[in-house]
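Here's my_file-v6.pdb, which has PDB, C-alpha atoms and all ligand atoms:
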ATOM      1  CA  MET A   1      32.663 105.033 295.276
ATOM      2  CA  LEU A   2      35.087 107.883 295.815
ATOM      3  CA  SER A   3      35.399 108.622 292.116
ATOM      4  CA  ARG A   4      31.652 109.164 291.796
ATOM      5  CA  LEU A   5      31.685 111.990 294.350
ATOM      6  CA  SER A   6      32.618 115.467 293.200
ATOM      7  CA  PRO A   7      35.583 116.990 295.083
ATOM      8  CA  ARG A   8      33.281 119.611 296.589
ATOM      9  CA  LEU A   9      30.839 117.036 297.956
ATOM     10  CA  LEU A  10      33.659 114.873 299.161
ATOM     11  CA  SER A  11      35.199 117.673 301.157
ATOM     12  CA  SER A  12      32.112 119.294 302.511
ATOM     13  CA  SER A  13      30.836 115.965 303.816
ATOM     14  CA  PRO A  14      33.784 114.250 305.500
ATOM     15  CA  ARG A  15      31.394 111.917 307.310
ATOM     16  CA  LEU A  16      30.667 110.309 303.949
ATOM     17  CA  LEU A  17      34.069 108.713 304.152
ATOM     18  CA  SER A  18      34.132 105.500 306.123
ATOM     19  CA  SER A  19      37.320 104.711 308.029
ATOM     20  CA  SER A  20      38.008 101.825 305.647
ATOM     21  CA  ILE A  21      38.657 104.300 302.838
ATOM     22  CA  ARG A  22      40.620 106.857 304.835
ATOM     23  CA  THR A  23      42.125 109.356 302.470
ATOM     24  CA  LEU A  24      44.904 110.647 304.771
ATOM     25  CA  VAL A  25      44.037 114.208 303.726
ATOM     26  CA  ASN A  26      41.063 116.523 304.239
ATOM     27  CA  VAL A  27      39.881 118.929 301.574
ATOM     28  CA  THR A  28      37.852 122.054 302.328
ATOM     29  CA  TYR A  29      36.883 125.180 300.419
ATOM     30  CA  PRO A  30      37.167 128.462 302.391
ATOM     31  CA  SER A  31      36.044 130.466 299.348
ATOM     32  CA  PRO A  32      34.768 129.702 295.836
ATOM     33  CA  SER A  33      38.212 129.856 294.205
ATOM     34  CA  VAL A  34      40.370 128.412 297.006
ATOM     35  CA  ALA A  35      40.827 124.810 298.127
ATOM     36  CA  VAL A  36      42.659 123.646 301.240
ATOM     37  CA  LEU A  37      44.374 120.277 301.328
ATOM     38  CA  GLU A  38      45.182 119.334 304.907
ATOM     39  CA  LEU A  39      47.683 116.536 305.517
ATOM     40  CA  ASP A  40      46.177 114.151 308.056
ATOM     41  CA  ARG A  41      48.345 111.126 308.729
ATOM     42  CA  PRO A  42      49.053 110.999 312.461
ATOM     43  CA  PRO A  43      51.342 111.131 314.248
ATOM     44  CA  VAL A  44      53.686 113.175 312.023
ATOM     45  CA  ASN A  45      52.253 113.292 308.461
ATOM     46  CA  SER A  46      55.128 111.242 307.130
ATOM     47  CA  LEU A  47      54.926 110.425 303.438
ATOM     48  CA  SER A  48      54.273 106.726 302.909
ATOM     49  CA  LEU A  49      53.445 105.321 299.461
ATOM     50  CA  GLU A  50      49.721 105.580 300.274
ATOM     51  CA  MET A  51      50.045 109.121 301.655
ATOM     52  CA  ALA A  52      52.006 110.402 298.642
ATOM     53  CA  THR A  53      49.548 108.738 296.243
ATOM     54  CA  SER A  54      46.564 110.215 298.063
ATOM     55  CA  ILE A  55      47.983 113.761 298.041
ATOM     56  CA  THR A  56      48.740 113.503 294.319
ATOM     57  CA  SER A  57      45.302 112.224 293.415
ATOM     58  CA  HIS A  58      43.575 114.904 295.517
ATOM     59  CA  ILE A  59      45.623 117.662 293.869
ATOM     60  CA  LYS A  60      44.562 116.288 290.459
ATOM     61  CA  GLN A  61      40.922 116.167 291.557
ATOM     62  CA  ILE A  62      41.030 119.756 292.831
ATOM     63  CA  GLU A  63      42.820 120.893 289.666
ATOM     64  CA  SER A  64      40.051 119.447 287.516
ATOM     65  CA  ASP A  65      37.555 121.975 288.918
ATOM     66  CA  PRO A  66      38.002 125.091 286.730
ATOM     67  CA  GLN A  67      36.566 127.343 289.445
ATOM     68  CA  ILE A  68      39.443 126.602 291.803
ATOM     69  CA  ARG A  69      42.487 128.832 291.256
ATOM     70  CA  SER A  70      44.504 128.453 294.474
ATOM     71  CA  LEU A  71      45.426 125.568 296.709
ATOM     72  CA  ILE A  72      46.628 125.803 300.306
ATOM     73  CA  LEU A  73      48.680 122.897 301.573
ATOM     74  CA  THR A  74      48.600 122.566 305.362
ATOM     75  CA  SER A  75      48.525 120.084 308.222
ATOM     76  CA  SER A  76      45.980 118.820 310.730
ATOM     77  CA  ASN A  77      48.822 118.729 313.290
ATOM     78  CA  PRO A  78      49.588 122.248 314.551
ATOM     79  CA  LYS A  79      53.137 121.243 315.565
ATOM     80  CA  ILE A  80      54.171 119.274 312.495
ATOM     81  CA  PHE A  81      53.646 120.170 308.850
ATOM     82  CA  SER A  82      55.221 116.923 307.658
ATOM     83  CA  ALA A  83      58.111 114.852 309.045
ATOM     84  CA  GLY A  84      59.130 114.051 305.469
ATOM     85  CA  LEU A  85      59.364 110.645 303.885
ATOM     86  CA  ASP A  86      58.128 107.776 306.003
ATOM     87  CA  ILE A  87      61.495 106.404 307.047
ATOM     88  CA  THR A  88      60.023 102.940 307.637
ATOM     89  CA  GLU A  89      59.431 102.740 303.845
ATOM     90  CA  MET A  90      63.223 102.838 303.467
ATOM     91  CA  SER A  91      64.080 100.379 306.237
ATOM     92  CA  ARG A  92      64.714  96.833 304.930
ATOM     93  CA  PRO A  93      62.161  97.264 302.131
ATOM     94  CA  SER A  94      61.511  94.961 299.172
ATOM     95  CA  LYS A  95      62.989  96.391 295.977
ATOM     96  CA  THR A  96      59.546  96.402 294.329
ATOM     97  CA  ARG A  97      57.858  98.374 297.115
ATOM     98  CA  LEU A  98      60.843 100.755 297.315
ATOM     99  CA  SER A  99      60.682 101.535 293.558
ATOM    100  CA  THR A 100      56.921 102.084 293.703
ATOM    101  CA  PHE A 101      57.351 104.272 296.776
ATOM    102  CA  TRP A 102      59.942 106.441 295.036
ATOM    103  CA  ARG A 103      57.796 106.755 291.898
ATOM    104  CA  SER A 104      54.977 108.028 294.144
ATOM    105  CA  ILE A 105      57.316 110.705 295.545
ATOM    106  CA  GLN A 106      58.510 111.748 292.066
ATOM    107  CA  SER A 107      54.910 111.936 290.907
ATOM    108  CA  LEU A 108      53.827 113.960 293.949
ATOM    109  CA  PHE A 109      56.637 116.447 293.332
ATOM    110  CA  LEU A 110      55.895 116.767 289.593
ATOM    111  CA  THR A 111      52.157 117.196 290.221
ATOM    112  CA  LEU A 112      52.496 119.784 292.984
ATOM    113  CA  TYR A 113      55.365 121.704 291.392
ATOM    114  CA  SER A 114      53.740 122.022 287.984
ATOM    115  CA  THR A 115      50.038 122.361 288.834
ATOM    116  CA  ARG A 116      48.132 125.201 287.156
ATOM    117  CA  LEU A 117      46.874 126.101 290.651
ATOM    118  CA  SER A 118      48.677 128.759 292.661
ATOM    119  CA  THR A 119      49.918 126.900 295.692
ATOM    120  CA  ILE A 120      50.438 128.294 299.177
ATOM    121  CA  SER A 121      52.229 126.265 301.783
ATOM    122  CA  CYS A 122      50.837 127.015 305.243
ATOM    123  CA  ILE A 123      53.625 125.766 307.501
ATOM    124  CA  THR A 124      52.303 125.595 311.020
ATOM    125  CA  GLY A 125      54.904 123.137 312.300
ATOM    126  CA  HIS A 126      58.177 121.260 311.669
ATOM    127  CA  SER A 127      58.989 120.714 308.026
ATOM    128  CA  PRO A 128      62.140 118.605 307.617
ATOM    129  CA  ALA A 129      63.352 116.932 304.388
ATOM    130  CA  GLY A 130      60.290 115.672 302.458
ATOM    131  CA  GLY A 131      58.205 118.238 304.393
ATOM    132  CA  CYS A 132      60.503 120.962 303.087
ATOM    133  CA  LEU A 133      60.210 119.430 299.596
ATOM    134  CA  LEU A 134      56.417 119.831 299.759
ATOM    135  CA  SER A 135      56.769 123.430 300.951
ATOM    136  CA  MET A 136      59.364 124.354 298.342
ATOM    137  CA  SER A 137      57.168 122.896 295.594
ATOM    138  CA  CYS A 138      54.534 125.518 296.385
ATOM    139  CA  ASP A 139      54.479 129.027 294.900
ATOM    140  CA  TYR A 140      54.385 130.848 298.257
ATOM    141  CA  ARG A 141      55.291 129.815 301.783
ATOM    142  CA  VAL A 142      53.953 131.227 305.043
ATOM    143  CA  MET A 143      55.260 129.853 308.341
ATOM    144  CA  SER A 144      54.489 130.366 312.025
ATOM    145  CA  ARG A 145      57.110 132.505 313.780
ATOM    146  CA  ASN A 146      57.676 129.864 316.530
ATOM    147  CA  PRO A 147      61.504 129.719 316.896
ATOM    148  CA  LYS A 148      61.374 126.062 317.980
ATOM    149  CA  LEU A 149      60.261 124.979 314.499
ATOM    150  CA  GLY A 150      62.676 123.717 311.861
ATOM    151  CA  ILE A 151      62.537 123.609 308.076
ATOM    152  CA  GLY A 152      65.253 122.377 305.736
ATOM    153  CA  LEU A 153      66.867 119.363 304.126
ATOM    154  CA  ASN A 154      68.435 117.181 306.837
ATOM    155  CA  GLU A 155      68.992 114.099 304.640
ATOM    156  CA  THR A 156      72.715 113.842 305.409
ATOM    157  CA  ARG A 157      71.826 113.368 309.087
ATOM    158  CA  LEU A 158      70.174 110.080 308.121
ATOM    159  CA  GLY A 159      73.172 109.043 306.007
ATOM    160  CA  ILE A 160      71.332 109.714 302.731
ATOM    161  CA  ALA A 161      71.510 112.429 300.087
ATOM    162  CA  ALA A 162      68.832 114.517 298.406
ATOM    163  CA  PRO A 163      68.180 113.465 294.782
ATOM    164  CA  PHE A 164      69.430 115.803 292.018
ATOM    165  CA  TRP A 165      66.006 117.394 291.471
ATOM    166  CA  LEU A 166      65.521 118.200 295.154
ATOM    167  CA  LYS A 167      69.042 119.664 295.279
ATOM    168  CA  ASP A 168      68.198 121.729 292.169
ATOM    169  CA  LEU A 169      64.931 122.892 293.714
ATOM    170  CA  PHE A 170      66.805 123.969 296.849
ATOM    171  CA  VAL A 171      69.439 125.815 294.770
ATOM    172  CA  LYS A 172      66.671 127.599 292.827
ATOM    173  CA  THR A 173      65.021 128.583 296.114
ATOM    174  CA  VAL A 174      67.918 129.732 298.301
ATOM    175  CA  GLY A 175      70.897 130.089 295.915
ATOM    176  CA  TYR A 176      73.903 127.867 295.301
ATOM    177  CA  ARG A 177      76.141 128.556 298.294
ATOM    178  CA  GLU A 178      73.383 128.464 300.910
ATOM    179  CA  ALA A 179      72.053 125.246 299.354
ATOM    180  CA  GLU A 180      75.486 123.631 299.439
ATOM    181  CA  LEU A 181      75.953 124.599 303.091
ATOM    182  CA  GLY A 182      72.433 123.602 304.116
ATOM    183  CA  LEU A 183      72.504 120.265 302.298
ATOM    184  CA  SER A 184      75.963 119.210 303.505
ATOM    185  CA  ARG A 185      75.224 120.071 307.099
ATOM    186  CA  GLY A 186      71.658 118.757 307.000
ATOM    187  CA  LYS A 187      70.590 122.063 308.473
ATOM    188  CA  LEU A 188      67.106 122.751 309.781
ATOM    189  CA  TYR A 189      66.458 126.503 309.746
ATOM    190  CA  SER A 190      64.365 128.415 312.268
ATOM    191  CA  PRO A 191      61.526 130.443 310.698
ATOM    192  CA  GLU A 192      63.599 133.671 311.036
ATOM    193  CA  GLU A 193      66.599 132.040 309.335
ATOM    194  CA  ALA A 194      64.375 130.537 306.653
ATOM    195  CA  LEU A 195      62.896 133.958 305.921
ATOM    196  CA  LYS A 196      66.368 135.488 305.613
ATOM    197  CA  ILE A 197      67.502 133.001 302.946
ATOM    198  CA  GLY A 198      64.176 132.948 301.050
ATOM    199  CA  LEU A 199      63.198 129.430 302.088
ATOM    200  CA  VAL A 200      59.916 130.905 303.325
ATOM    201  CA  ASP A 201      58.310 134.108 302.085
ATOM    202  CA  GLU A 202      56.542 135.316 305.221
ATOM    203  CA  ILE A 203      56.451 134.486 308.920
ATOM    204  CA  VAL A 204      53.367 135.095 310.968
ATOM    205  CA  ASP A 205      52.858 135.829 314.663
ATOM    206  CA  GLY A 206      49.177 135.031 314.833
ATOM    207  CA  GLU A 207      46.983 132.694 312.835
ATOM    208  CA  VAL A 208      49.115 131.482 309.931
ATOM    209  CA  TYR A 209      46.101 129.833 308.276
ATOM    210  CA  ASP A 210      44.259 133.170 307.939
ATOM    211  CA  VAL A 211      47.275 134.715 306.219
ATOM    212  CA  ALA A 212      47.525 131.706 303.888
ATOM    213  CA  VAL A 213      43.861 132.149 302.885
ATOM    214  CA  GLU A 214      44.475 135.871 302.241
ATOM    215  CA  ARG A 215      47.471 135.104 300.026
ATOM    216  CA  ALA A 216      45.564 132.352 298.217
ATOM    217  CA  GLU A 217      42.781 134.813 297.444
ATOM    218  CA  GLU A 218      45.285 137.395 296.199
ATOM    219  CA  TYR A 219      46.809 134.821 293.833
ATOM    220  CA  ALA A 220      43.319 133.806 292.670
ATOM    221  CA  GLU A 221      42.666 137.374 291.518
ATOM    222  CA  ILE A 222      45.615 137.378 289.092
ATOM    223  CA  PRO A 223      44.450 136.499 285.554
ATOM    224  CA  GLU A 224      45.025 132.784 285.052
ATOM    225  CA  LYS A 225      46.594 132.758 281.594
ATOM    226  CA  GLY A 226      49.529 134.982 282.543
ATOM    227  CA  ILE A 227      50.294 133.379 285.868
ATOM    228  CA  VAL A 228      50.148 129.843 284.486
ATOM    229  CA  ALA A 229      52.432 130.728 281.543
ATOM    230  CA  THR A 230      54.873 132.402 283.950
ATOM    231  CA  LYS A 231      54.879 129.388 286.239
ATOM    232  CA  ARG A 232      55.541 127.104 283.280
ATOM    233  CA  MET A 233      58.483 129.288 282.224
ATOM    234  CA  CYS A 234      59.992 129.362 285.715
ATOM    235  CA  ARG A 235      59.459 125.674 286.519
ATOM    236  CA  GLY A 236      59.487 123.886 283.138
ATOM    237  CA  GLU A 237      63.214 123.220 283.047
ATOM    238  CA  LEU A 238      63.334 121.287 286.319
ATOM    239  CA  VAL A 239      60.146 119.381 285.435
ATOM    240  CA  ARG A 240      61.641 118.316 282.075
ATOM    241  CA  ASP A 241      64.957 117.387 283.731
ATOM    242  CA  LEU A 242      63.251 114.960 286.082
ATOM    243  CA  GLU A 243      60.765 113.657 283.508
ATOM    244  CA  GLY A 244      63.708 112.773 281.273
ATOM    245  CA  LYS A 245      65.462 110.876 284.064
ATOM    246  CA  ILE A 246      62.659 109.078 285.916
ATOM    247  CA  GLU A 247      64.133 105.585 285.512
ATOM    248  CA  GLU A 248      67.702 106.694 286.200
ATOM    249  CA  ASP A 249      66.500 108.421 289.387
ATOM    250  CA  VAL A 250      64.559 105.332 290.542
ATOM    251  CA  GLY A 251      67.710 103.246 289.981
ATOM    252  CA  TRP A 252      69.875 105.732 291.904
ATOM    253  CA  PHE A 253      67.435 105.848 294.810
ATOM    254  CA  THR A 254      66.912 102.090 295.147
ATOM    255  CA  ASP A 255      70.652 101.323 294.847
ATOM    256  CA  PHE A 256      71.502 103.958 297.458
ATOM    257  CA  ILE A 257      68.840 102.859 299.934
ATOM    258  CA  LEU A 258      69.388  99.103 299.592
ATOM    259  CA  GLU A 259      73.129  99.419 300.238
ATOM    260  CA  GLU A 260      73.963  97.817 303.608
ATOM    261  CA  GLY A 261      75.715 100.923 304.976
ATOM    262  CA  THR A 262      72.638 103.045 304.237
ATOM    263  CA  GLN A 263      70.381 100.480 305.903
ATOM    264  CA  LYS A 264      72.483 100.561 309.076
ATOM    265  CA  GLY A 265      72.314 104.381 309.109
ATOM    266  CA  ILE A 266      68.528 104.367 308.675
ATOM    267  CA  GLU A 267      68.101 101.764 311.427
ATOM    268  CA  GLY A 268      70.213 103.861 313.785
ATOM    269  CA  TYR A 269      68.233 107.013 312.958
ATOM    270  CA  LEU A 270      64.900 105.249 313.538
ATOM    271  CA  LYS A 271      66.172 103.962 316.900
ATOM    272  CA  SER A 272      67.264 107.450 317.932
ATOM    273  CA  LEU A 273      63.787 108.771 317.047
ATOM    274  CA  SER A 274      61.927 106.195 319.083
ATOM    275  CA  LYS A 275      64.317 106.629 322.077
ATOM    276  CA  LYS A 276      63.548 110.360 322.369
TER
HETATM  277  C1  LIG A 301      68.947 107.969 298.745
HETATM  278  C2  LIG A 301      68.280 109.220 298.624
HETATM  279  C3  LIG A 301      67.075 109.453 299.476
HETATM  280  C4  LIG A 301      66.503 110.735 299.132
HETATM  281  C5  LIG A 301      65.276 111.111 299.831
HETATM  282  C6  LIG A 301      65.226 112.557 299.930
HETATM  283  C7  LIG A 301      63.962 113.130 300.391
HETATM  284  C8  LIG A 301      63.497 113.170 301.642
HETATM  285  C9  LIG A 301      64.105 112.403 302.731
HETATM  286  C10 LIG A 301      63.238 112.374 303.967
HETATM  287  O1  LIG A 301      62.217 113.004 304.064
HETATM  288  S1  LIG A 301      63.755 111.350 305.212
HETATM  289  C11 LIG A 301      62.793 111.851 306.615
HETATM  290  C12 LIG A 301      63.446 112.971 307.330
HETATM  291  N1  LIG A 301      62.660 113.339 308.475
HETATM  292  C13 LIG A 301      63.155 113.533 309.676
HETATM  293  O2  LIG A 301      64.358 113.411 309.899
HETATM  294  C14 LIG A 301      62.190 113.867 310.776
HETATM  295  C15 LIG A 301      62.266 112.898 311.889
HETATM  296  N2  LIG A 301      61.303 113.208 312.915
HETATM  297  C16 LIG A 301      61.487 114.163 313.843
HETATM  298  O3  LIG A 301      62.449 114.878 313.880
HETATM  299  C17 LIG A 301      60.388 114.309 314.861
HETATM  300  O4  LIG A 301      59.618 113.145 314.831
HETATM  301  C18 LIG A 301      59.469 115.534 314.638
HETATM  302  C19 LIG A 301      58.929 115.589 313.227
HETATM  303  C20 LIG A 301      60.260 116.819 314.968
HETATM  304  C21 LIG A 301      58.290 115.410 315.626
HETATM  305  O5  LIG A 301      58.754 115.271 316.948
HETATM  306  P1  LIG A 301      57.753 114.759 318.095
HETATM  307  O6  LIG A 301      58.545 114.763 319.356
HETATM  308  O7  LIG A 301      56.489 115.522 318.057
HETATM  309  O8  LIG A 301      57.354 113.277 317.650
HETATM  310  P2  LIG A 301      58.255 111.960 317.774
HETATM  311  O9  LIG A 301      58.020 111.340 319.106
HETATM  312  O10 LIG A 301      59.658 112.225 317.366
HETATM  313  O11 LIG A 301      57.622 111.046 316.621
HETATM  314  C22 LIG A 301      56.360 110.389 316.803
HETATM  315  C23 LIG A 301      56.438 109.042 316.100
HETATM  316  O12 LIG A 301      56.606 109.268 314.704
HETATM  317  C24 LIG A 301      57.776 108.577 314.249
HETATM  318  N3  LIG A 301      58.372 109.346 313.150
HETATM  319  C25 LIG A 301      58.837 110.602 313.203
HETATM  320  N4  LIG A 301      59.268 110.998 311.991
HETATM  321  C26 LIG A 301      59.093 109.954 311.166
HETATM  322  C27 LIG A 301      59.344 109.745 309.785
HETATM  323  N5  LIG A 301      59.870 110.692 308.986
HETATM  324  N6  LIG A 301      59.049 108.544 309.261
HETATM  325  C28 LIG A 301      58.501 107.572 310.030
HETATM  326  N7  LIG A 301      58.237 107.709 311.342
HETATM  327  C29 LIG A 301      58.529 108.896 311.902
HETATM  328  C30 LIG A 301      58.663 108.504 315.471
HETATM  329  O13 LIG A 301      59.608 107.468 315.334
HETATM  330  C31 LIG A 301      57.654 108.243 316.555
HETATM  331  O14 LIG A 301      57.308 106.879 316.461
HETATM  332  P3  LIG A 301      57.046 106.005 317.803
HETATM  333  O15 LIG A 301      58.317 106.038 318.591
HETATM  334  O16 LIG A 301      55.909 106.716 318.509
HETATM  335  O17 LIG A 301      56.694 104.656 317.287
END

Represent the structure contained in this file as C-alpha cells.
Amino acid sequence: MLSRLSPRLLSSSPRLLSSSIRTLVNVTYPSPSVAVLELDRPPVNSLSLEMATSITSHIKQIESDPQIRSLILTSSNPKIFSAGLDITEMSRPSKTRLSTFWRSIQSLFLTLYSTRLSTISCITGHSPAGGCLLSMSCDYRVMSRNPKLGIGLNETRLGIAAPFWLKDLFVKTVGYREAELGLSRGKLYSPEEALKIGLVDEIVDGEVYDVAVERAEEYAEIPEKGIVATKRMCRGELVRDLEGKIEEDVGWFTDFILEEGTQKGIEGYLKSLSKK
C-alpha cells in the first residue's frame, strides 16, 4: 500500500498510516523544493535495522521527486537527534541479523552521503556515534547552542572502533589530528567545541529548525547541475572506497562484534545506560 502513495501524499496525510506500518520517520514539505525527514523512533532514535532501512527508503523516495532539491534531517525528540546505532542490535546477535544490520547502515550512509539532494542536518539534541555519522553525512549542519548537548564519535567508550569509512569521514570533516584525538578518546563535543573544529557549521540560539529551513532554501536556489557535480567530486572517493570494500567491511564488523571481549564490553555499556 505504501508504494502506491506518492511521497507528498504520504507526508501530508500522516493519519493514512496505520500503526501496523509505522515508518519510524515523518516526512513533511515546508516549501515546494524542501523536504524534511524527521527521525521518530522513541525513546532515543537509535538506528535499528528497521530504522536504518526506513530512513534509506524515504530518502530514495524523496530523491525521486525532481521538484525537491533540499532535504532536512531532524528529530521528533527535541533533546536527542539520534543516540546512534541501536546497541541491542550488537548484543548477542545472530550472525545473519548482524550482517544484515550492518549492510543497512552501510546503505544508509552511502544513500545519504551521495544523494543529489542538498542535505541539512538540524541537530536539536544529542548526536553521539551513529547520530554524528548521520549529521556528518549531510552537506550542512546546524545545531542548538545548548552546552549540555554532545556530538562526536564515542565508539571507543563502548569498546568498539569506528569503521574505516567513518574514520575517513571524520578526518575529512575535522582534519587528521583532531579526528585522531576525538576518536581515541571517544570525545563528545559541546556545540561550541564542535563549531570550532568544523564538526558543525552553525550554532543557533533560537529555533534551530527555522534556520535549517532557511539554509535548505538557500541551497535549493543554487543551480542543480553545478552543485551535484561538485558534491560528486568532493564525495566520490569515499563512496567508491566503501563500495569496493562492502564485503570486507561486513566481515570486519561481524568479527569484531561477535568477539567475546566486545560482547562483554557492550553488555557492560548497556547496563550502565539502564542504571542511569
Ligand atoms: C566494530 C565496529 C562498530 C562500529 C560501529 C560504529 C558506528 C556507530 C556506533 C554507535 O552508534 S554505538 C551507539 C553509541 N551511542 C551512545 O553511546 C549513546 C548512548 N545513550 C546515551 O548516552 C543516552 O541515552 C542519551 C542519548 C544521551 C539520552 O539520554 P536520556 O537520559 O535522555 O535517555 P536514557 O535514559 O539514557 O535512554 C533511554 C532508553 O534508551 C536506551 N538507549 C539509549 N541509547 C541507546 C542506543 N544507542 N541503543 C539502544 N538503546 C539505547 C537506554 O538504555 C534507555 O533504555 P531503558 O533503560 O529505558 O530501557

Can you work out the spacing between atom CA of A:Val239 and atom CA of A:Leu108 in Å, to one decimal? 11.9 Å

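Residues matched by the PyMOL selection byres (((chain A and resi 188-202) around 6) and not hetatm) in this file are Arg141, Val142, Arg145, Pro147, Leu149, Gly150, Ile151, Gly152, Val174, Lys187 and Ile203 of chain A.
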
Please identify every polymer residue within 7 Å of ligand LIG 301 (chain A), using all atoms listed in the file, and present the set as a PyMOL selection string. chain A and resi 43-44+46+80+82-88+126+128-131+154-155+158+160-163+253+256-257+270+273-276

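Shell of A:Leu242 at 9 Å, with only C-alpha atoms counted and residues fewer than 5 places along the chain excluded, is A:Gln106, A:Leu110, A:Phe164, A:Trp165, A:Glu237, A:Asp249.
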
To test your reading of the syntax: which residues would the PyMOL selection byres (((chain A and resi 49) around 10) and not hetatm) return for the file shown? Reply as a PyMOL selection string. chain A and resi 46-48+50-54+85-86+89+97-98+100-105

Could you check which of A:Gly236, A:Gly244, A:Gly261, A:Pro42 is closest to A:Ser114, using all atoms listed in the file?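 Residue with the minimum atom-to-atom distance to A:Ser114: A:Gly236.
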
A:Leu24, A:Leu117, A:Leu39, A:Met90 ranked by distance to A:Asp65, top pick (using only C-alpha atoms): A:Leu117

Evaluating the PyMOL selection byres (((chain A and resi 121) around 6) and not hetatm) on the displayed file yields which residues, as a PDB file with C-alpha atoms, in the coordinates of the input?
ATOM      1  CA  ILE A  72      46.628 125.803 300.306  1.00  0.00           C
ATOM      2  CA  LEU A  73      48.680 122.897 301.573  1.00  0.00           C
ATOM      3  CA  ILE A 120      50.438 128.294 299.177  1.00  0.00           C
ATOM      4  CA  CYS A 122      50.837 127.015 305.243  1.00  0.00           C
ATOM      5  CA  ILE A 123      53.625 125.766 307.501  1.00  0.00           C
ATOM      6  CA  SER A 135      56.769 123.430 300.951  1.00  0.00           C
ATOM      7  CA  CYS A 138      54.534 125.518 296.385  1.00  0.00           C
ATOM      8  CA  ARG A 141      55.291 129.815 301.783  1.00  0.00           C
TER       9      ARG A 141
END

Which distance in Å separates atom CA of A:Lys172 and atom CA of A:Gly226, to one decimal?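 Between atom CA of A:Lys172 and atom CA of A:Gly226 the gap works out to 21.3 Å.
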
Atom CA of A:Lys60 and atom CA of A:Val228 are how many Å apart? 15.8 Å

Starting from 6 Å padding per side, set up an axis-aligned box that covers all listed atoms of stretch 38-41 of chain A and hand over centre and edge lengths in Å, one decimal, as lines of an AutoDock Vina configuration file.
center_x = 46.8
center_y = 115.2
center_z = 306.8
size_x = 15.2
size_y = 20.2
size_z = 15.8

Which residue of A:Gly206, A:Ser127, A:Ile266, A:Asn45 approaches A:Lys148 most closely, using all atoms listed in the file: A:Ser127

Pick from A:Pro66, A:Gly186, A:Gly265, A:Gly175, whichever lies nearest to A:Arg157 using only C-alpha atoms: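 Once distances to A:Arg157 are computed over only C-alpha atoms, the minimum belongs to A:Gly186.
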
When you look at A:Gln67 with a cut-off of 9 Å (counting only C-alpha atoms), what residues show up, excluding the ones that are within fewer than 6 positions of it in the same chain? I need them as a list in words. Pro32, Ser33 and Val34 of chain A

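With all atoms listed in the file as the atoms that count, the minimum distance from A:Val36 to the choices A:Phe81, A:Phe170, A:Tyr269, A:Tyr209 is reached by A:Tyr209.
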
Distance query A:Ile68 at most 12 Å, only C-alpha atoms, self and fewer than 4 positions along chain excluded, as a PyMOL selection string: chain A and resi 7-8+28-36+59-64+72+115-119+216-217+219-221+224
